[in-house]
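Input: a single structure, listed below in structure tokens.
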Amino acid sequence: MSLRDRDLISIQEARELVARAAAAQKKFSAFSQEQVDAVVEACAKAAADNAEALARTAVEETGYGNVPDKIIKNTLAAVEVPRAIRAMRTVGVLREDREKGIVEVASPVGVVAAVIPCTNPTSTAIYKTLISIKAQNAIVLSPHPAAIKCICQVAALLDRAALTVGAPEGLINCMQHTTLEGTRELMRQHDVGVILATGGTGLVQAAYSSGKPAYGVGPGNVPAFIERTADVRKAVADIIAGKTFDYGTICSSEQAIVAEEPVRELALEECRRQGAYFLSPEEMEKVGRLLILPGTHTPNTKIVGRPATMIAEMAGITVPPATRVLIARLGPEQVGREFPLSAEKLSPILAFYVAPNLAAGIALCRRLLEFGGLGHTCSIHSQNRAAILEFGAAMPAFRVVVNSAAVHGSIGYSTNLFPAMTLGCGAPGGNITSDNIGPQHLMNIKRIAWESRGIEHRTIPADQRMAGATPLAAPEAVQAKSSVALVGQALFTPREVEGVLAPSVEAAASTEGGQTRLSVLPDRATIAHVVEHVMASHGIARGSGATKSAPVAKELPSPSAVAAEIAGRLFGSSGRPKPDAVANFSPASSSSSNVEPSTPSTPPPKSEAPPKPAVEISPFVSENDVRRAMTRSEKIFIGPKTILTPSARDLGMEHEVFIETEAGSLR
């Protein structure tokens with residue numbers, strides 16, 4: 001079979017499995033929280049019962065790691081992960097905040113595309129399947145070609161367990177013909193909601209470029225700092241235990257020891273005592289050539305996950321049979337591509353550095369992370385809390401493990417971090433999150449939110465409002481407009497109009513949302529009566545524009561005069577409403593131009609005119625008046641008895657249009 005034929009088979013398989021998973025997920029989305037949890041528990045039990053068998057299959061197929069440590073990793077995924085998510089709500093209402101008026105509801109992403117590596121195949125497959133199902137999703141596993149058998153075995157085992165408790169067929173799927181093109185097709189499928197990508201840098205980049213949301217991981221180049229107050233014996237034991245765990249196949253395992261000068265000799269002695277072999281300069285050269293092949297920047301797959309004695313033999317070095325780890329002593333300046341042993345090694349090989357003090361140790365650990373482990377993991381061994389906090393704050397890593405093996409602490413085995421086999425490296429590592437990935441990352445949350453504060457209801461289109469026009473829908477019937485709106489927005493309340501307007505209008509009036517709505521326009525007399533009544537209620541006496549306590553330089557028009565002016569603008573001499581007059585109505589403009597009450601045409605007797613007042617006070621101001629003043633760069637003078645509509649007041653105050661006066665002079 002040609003390479004091209006294999007790609008076509010893999011592509012077609014990806015399409016079919018995603019369609020199958022999507023159909024199953026639609027049925028699964030109707031499951032209750034209790035039903036979902038039952039499926040998770042059944043799968044977890046099956047995985048835990050077969051942890052050893054799956055570990056043996058993984059080692060036999062891939063050659064990476066060792067059976068005892070892979071059993072631990074399988075158990076972590078099958079026991080600790082379910083324990084951590086057991087009480088987690090992932091179906092229906094998640095939380096309700098009655099005080100804020102917000103209800104949060106879970107929404108699954110649909111189908112999860114999970115890329116599984118060959119270094120941790122069975123444990124990663126168990127872990128990703130459980131967290132996907134917990135979030136009410138279906139899953140399609142894409143195994144590394146070197147681990148297809150053991151990963152498909154996990155999928156088949158969990159699928160059978162899920163079916164026994166009523167899960168729909170097709171909920172758990174695994175590709176059996178994996179190629180790079182097939183995996184890319186899987187990640188691009190329409191029904192795939194999110195990608196969980198664990199693998200090489202190229203694969204993670206392909207996931208990010210697929211157009212789908214993706215959780216990838218970055219490389220780890222974990223420094224372990226031994227501070228001067230550390231329990232050195234325990235620190236070295238933890239570091240070697242982490243580095244040799246499954247022969248270094250987890251990317252959060254230690255890659256370098258950085259010892260502070262006061263504990264250097266003690267740390268070196270403990271390393272020798274606990275099974276470390278220190279390489280000579282010539283041996284370092286041999287191991288370095290074996291570790292990173294020419295033209296590459298990644299570990300040689302032939303040494304990944306192999307015991308130290310086997311690596312030494314491959315490099316042509318003779319070491320004691322009890323050797324657990326190979327250590328290369330490097331100077332603080334030996335960090336970078338020209339020094340292969342300073343990079344991530346994914347095998348029981350360590351670099352050893354010395355720093356004169358805490359500040360120098362922090363700087364060196366930062367350089368190691370920046371070289372190849374940004375955002376991932378680091379560790380510190382110390383009894384000085386201040387030093388621990390200073391170190392942790394300075395590290396560009398999102399898991400800082402204290403007084404424990406870095407690998408065990410980072411995956412939540414020896415710490416209370418969330419147990420996970422996918423560790424986000426955040427923005428520095430090119431990842432979308434810095435979390436240990438769990439079900440909470442595989443579902444969306446919708447929020448149902450009630451109104452907590454009222455908003456202003458505007459019935460005039462924005463363009464017309466800005467132009468200063470107030471359109472009238474029809475002369476005969478003004479729907480959803482109160483009589484108040486015709487003489488100024490929101491000037492009169494239903495209570496003020498009650499008993500004044502209703503008796504004068506044949507059509508029934510209704511009050512909705514605090515506004516009075518009429519089916520017909522009130523007549524001229526009604527408008528005049530309403531204006532006069534409301535002005536009187538505001539303390540403006542009939543026929544007088546001043547109070548005894550606050551006289552003004554010029555007597556304001558009386559309520560009757562204002563009412564007559566409003567009615568005249570609305571109805572004219574015909575007695576019928578005029579749409580153009582309503583649209584352009586502006587009581588303030590009339591009052592500010594000294595419109596007098598309607599009187600016979602006989603000219604008044606000549607008399608000496610009183611002196612012109614310093615200012616002219618507007619008795620009534622609408623929003624249109626304010627906008628007109630803004631357009632003309634004018635000010636509006638208002639006094640204690642000036643009536644302002646709410647919208648006019650807000651707009652005028654905002655743009656400083658008003659000048660307040662008292663007794664005819666500026667305050």
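If you're wondering about the labels, chains in the structure tokens are A, B, ... by order shown, residues count from 1 in each chain, ligands from 1 in order shown.
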Fewer than 6 positions away in the same chain doesn't count, so skip those; otherwise give me all residues within 9 Å of Thr377 (chain A), counting only C-alpha atoms, as a short mmCIF file (atom, residue, chain, number, x, y, z; two decimals) with C-alpha atoms, in the first residue's frame.
```
data_model
loop_
_atom_site.label_atom_id
_atom_site.label_comp_id
_atom_site.auth_asym_id
_atom_site.auth_seq_id
_atom_site.Cartn_x
_atom_site.Cartn_y
_atom_site.Cartn_z
CA GLY A 220 9.52 21.31 29.33
CA ASN A 221 13.07 22.10 30.38
CA VAL A 222 12.55 21.87 34.11
CA PRO A 223 15.20 23.30 36.47
CA CYS A 251 7.91 16.50 29.96
CA SER A 252 7.62 17.97 33.48
CA SER A 253 10.42 15.76 34.81
CA GLU A 254 13.61 17.48 35.98
CA LEU A 369 13.22 27.85 31.04
CA PRO A 396 8.37 32.08 33.83
CA ALA A 397 6.66 28.78 34.66
CA PHE A 398 3.07 28.13 35.77
CA ARG A 399 3.76 25.14 38.01
CA VAL A 400 6.32 25.78 40.74
CA VAL A 401 6.67 22.59 42.78
CA ALA A 406 8.71 18.16 39.78
CA VAL A 407 6.99 15.51 37.68
CA SER A 410 3.04 18.96 38.39
CA CYS A 425 2.00 26.47 29.42
#
```
Using only C-alpha atoms, what table do you get, as JSON lines, when you list each residue of region 102-194 of chain A with an atom no more than 9 Å from region 436-441 of chain A, its nearest pair of atoms, and their distance in Å rounded to one decimal, rows by chain then rising number?
```
{"residue": "A:Lys128", "atom": "CA", "partner": "A:Gly438", "partner_atom": "CA", "distance": 8.5}
{"residue": "A:Leu130", "atom": "CA", "partner": "A:Pro439", "partner_atom": "CA", "distance": 8.4}
{"residue": "A:Ile131", "atom": "CA", "partner": "A:Pro439", "partner_atom": "CA", "distance": 4.8}
{"residue": "A:Ser132", "atom": "CA", "partner": "A:Pro439", "partner_atom": "CA", "distance": 6.2}
{"residue": "A:Ile133", "atom": "CA", "partner": "A:Pro439", "partner_atom": "CA", "distance": 8.2}
{"residue": "A:Lys134", "atom": "CA", "partner": "A:Pro439", "partner_atom": "CA", "distance": 6.2}
{"residue": "A:Ala135", "atom": "CA", "partner": "A:Pro439", "partner_atom": "CA", "distance": 5.2}
{"residue": "A:Gln136", "atom": "CA", "partner": "A:Pro439", "partner_atom": "CA", "distance": 9.0}
```
* Tell me, as a list in words, which residues lie within 10 Å of Val319 (chain A), counting only C-alpha atoms; anything in the same chain fewer than 4 positions away does not count. =>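 My list of contacting residues is Ala276, Tyr277, Phe278, Leu279, Ala308, Thr309, Met310, Ala312, Glu313, Thr323 and Leu326 of chain A.
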So that I have them on file, write out the residues from the current selection with all heavy atoms, as a short mmCIF file (atom, residue, chain, number, x, y, z; two decimals), in the first residue's frame.
```
data_model
loop_
_atom_site.label_atom_id
_atom_site.label_comp_id
_atom_site.auth_asym_id
_atom_site.auth_seq_id
_atom_site.Cartn_x
_atom_site.Cartn_y
_atom_site.Cartn_z
N ALA A 276 23.81 8.21 40.92
CA ALA A 276 24.14 9.04 39.77
C ALA A 276 25.55 8.74 39.29
O ALA A 276 26.45 8.44 40.08
CB ALA A 276 24.02 10.51 40.14
N TYR A 277 25.75 8.84 37.99
CA TYR A 277 27.07 8.69 37.39
C TYR A 277 27.43 10.02 36.73
O TYR A 277 26.70 10.50 35.85
CB TYR A 277 27.09 7.57 36.35
CG TYR A 277 28.43 7.42 35.65
CD1 TYR A 277 29.45 6.67 36.22
CD2 TYR A 277 28.67 8.04 34.42
CE1 TYR A 277 30.68 6.53 35.59
CE2 TYR A 277 29.89 7.91 33.78
CZ TYR A 277 30.90 7.16 34.37
OH TYR A 277 32.13 7.04 33.75
N PHE A 278 28.56 10.63 37.17
CA PHE A 278 28.98 11.91 36.61
C PHE A 278 29.86 11.67 35.38
O PHE A 278 30.87 10.98 35.46
CB PHE A 278 29.72 12.74 37.66
CG PHE A 278 28.81 13.36 38.68
CD1 PHE A 278 28.43 12.66 39.81
CD2 PHE A 278 28.29 14.64 38.49
CE1 PHE A 278 27.57 13.22 40.75
CE2 PHE A 278 27.43 15.21 39.42
CZ PHE A 278 27.07 14.51 40.55
N LEU A 279 29.46 12.27 34.27
CA LEU A 279 30.16 12.09 33.01
C LEU A 279 31.42 12.94 32.96
O LEU A 279 31.44 14.09 33.42
CB LEU A 279 29.25 12.48 31.84
CG LEU A 279 27.93 11.70 31.70
CD1 LEU A 279 27.02 12.37 30.68
CD2 LEU A 279 28.20 10.25 31.31
N ALA A 308 19.23 4.52 32.12
CA ALA A 308 20.53 5.18 32.00
C ALA A 308 21.61 4.22 31.52
O ALA A 308 22.49 4.60 30.73
CB ALA A 308 20.93 5.77 33.36
N THR A 309 21.57 2.99 31.98
CA THR A 309 22.60 2.02 31.57
C THR A 309 22.52 1.74 30.07
O THR A 309 23.56 1.58 29.41
CB THR A 309 22.43 0.71 32.35
OG1 THR A 309 21.06 0.27 32.24
CG2 THR A 309 22.76 0.91 33.83
N MET A 310 21.33 1.69 29.51
CA MET A 310 21.17 1.44 28.08
C MET A 310 21.68 2.63 27.27
O MET A 310 22.34 2.45 26.23
CB MET A 310 19.70 1.17 27.74
CG MET A 310 19.46 0.86 26.27
SD MET A 310 17.71 0.55 25.89
CE MET A 310 17.44 -0.97 26.82
N ALA A 312 23.98 4.77 28.21
CA ALA A 312 25.44 4.75 28.31
C ALA A 312 26.04 3.75 27.34
O ALA A 312 27.04 4.03 26.66
CB ALA A 312 25.85 4.43 29.75
N GLU A 313 25.44 2.60 27.25
CA GLU A 313 25.93 1.57 26.33
C GLU A 313 25.83 2.05 24.89
O GLU A 313 26.75 1.83 24.09
CB GLU A 313 25.12 0.29 26.53
CG GLU A 313 25.60 -0.87 25.67
CD GLU A 313 24.80 -2.13 25.90
OE1 GLU A 313 23.96 -2.14 26.82
OE2 GLU A 313 24.99 -3.10 25.13
N THR A 323 23.59 2.19 38.05
CA THR A 323 23.44 3.60 37.68
C THR A 323 21.98 3.91 37.36
O THR A 323 21.35 3.25 36.53
CB THR A 323 24.33 3.95 36.47
OG1 THR A 323 25.70 3.75 36.82
CG2 THR A 323 24.12 5.39 36.04
N LEU A 326 22.44 9.68 34.56
CA LEU A 326 23.69 10.24 34.09
C LEU A 326 23.66 11.75 34.32
O LEU A 326 22.68 12.41 33.98
CB LEU A 326 23.90 9.95 32.59
CG LEU A 326 23.82 8.48 32.16
CD1 LEU A 326 23.97 8.37 30.64
CD2 LEU A 326 24.88 7.64 32.86
#
```
Excluding region 192-202 of chain A and any residue of its chain fewer than 6 positions from it, enumerate the residues within 10 Å of it, using only C-alpha atoms, and give them as a count of residues only. 47
Of A:Ala359, A:Glu285, A:Glu96, A:Gln274, the one sitting nearest Ala322 (chain A) when using only C-alpha atoms is A:Gln274
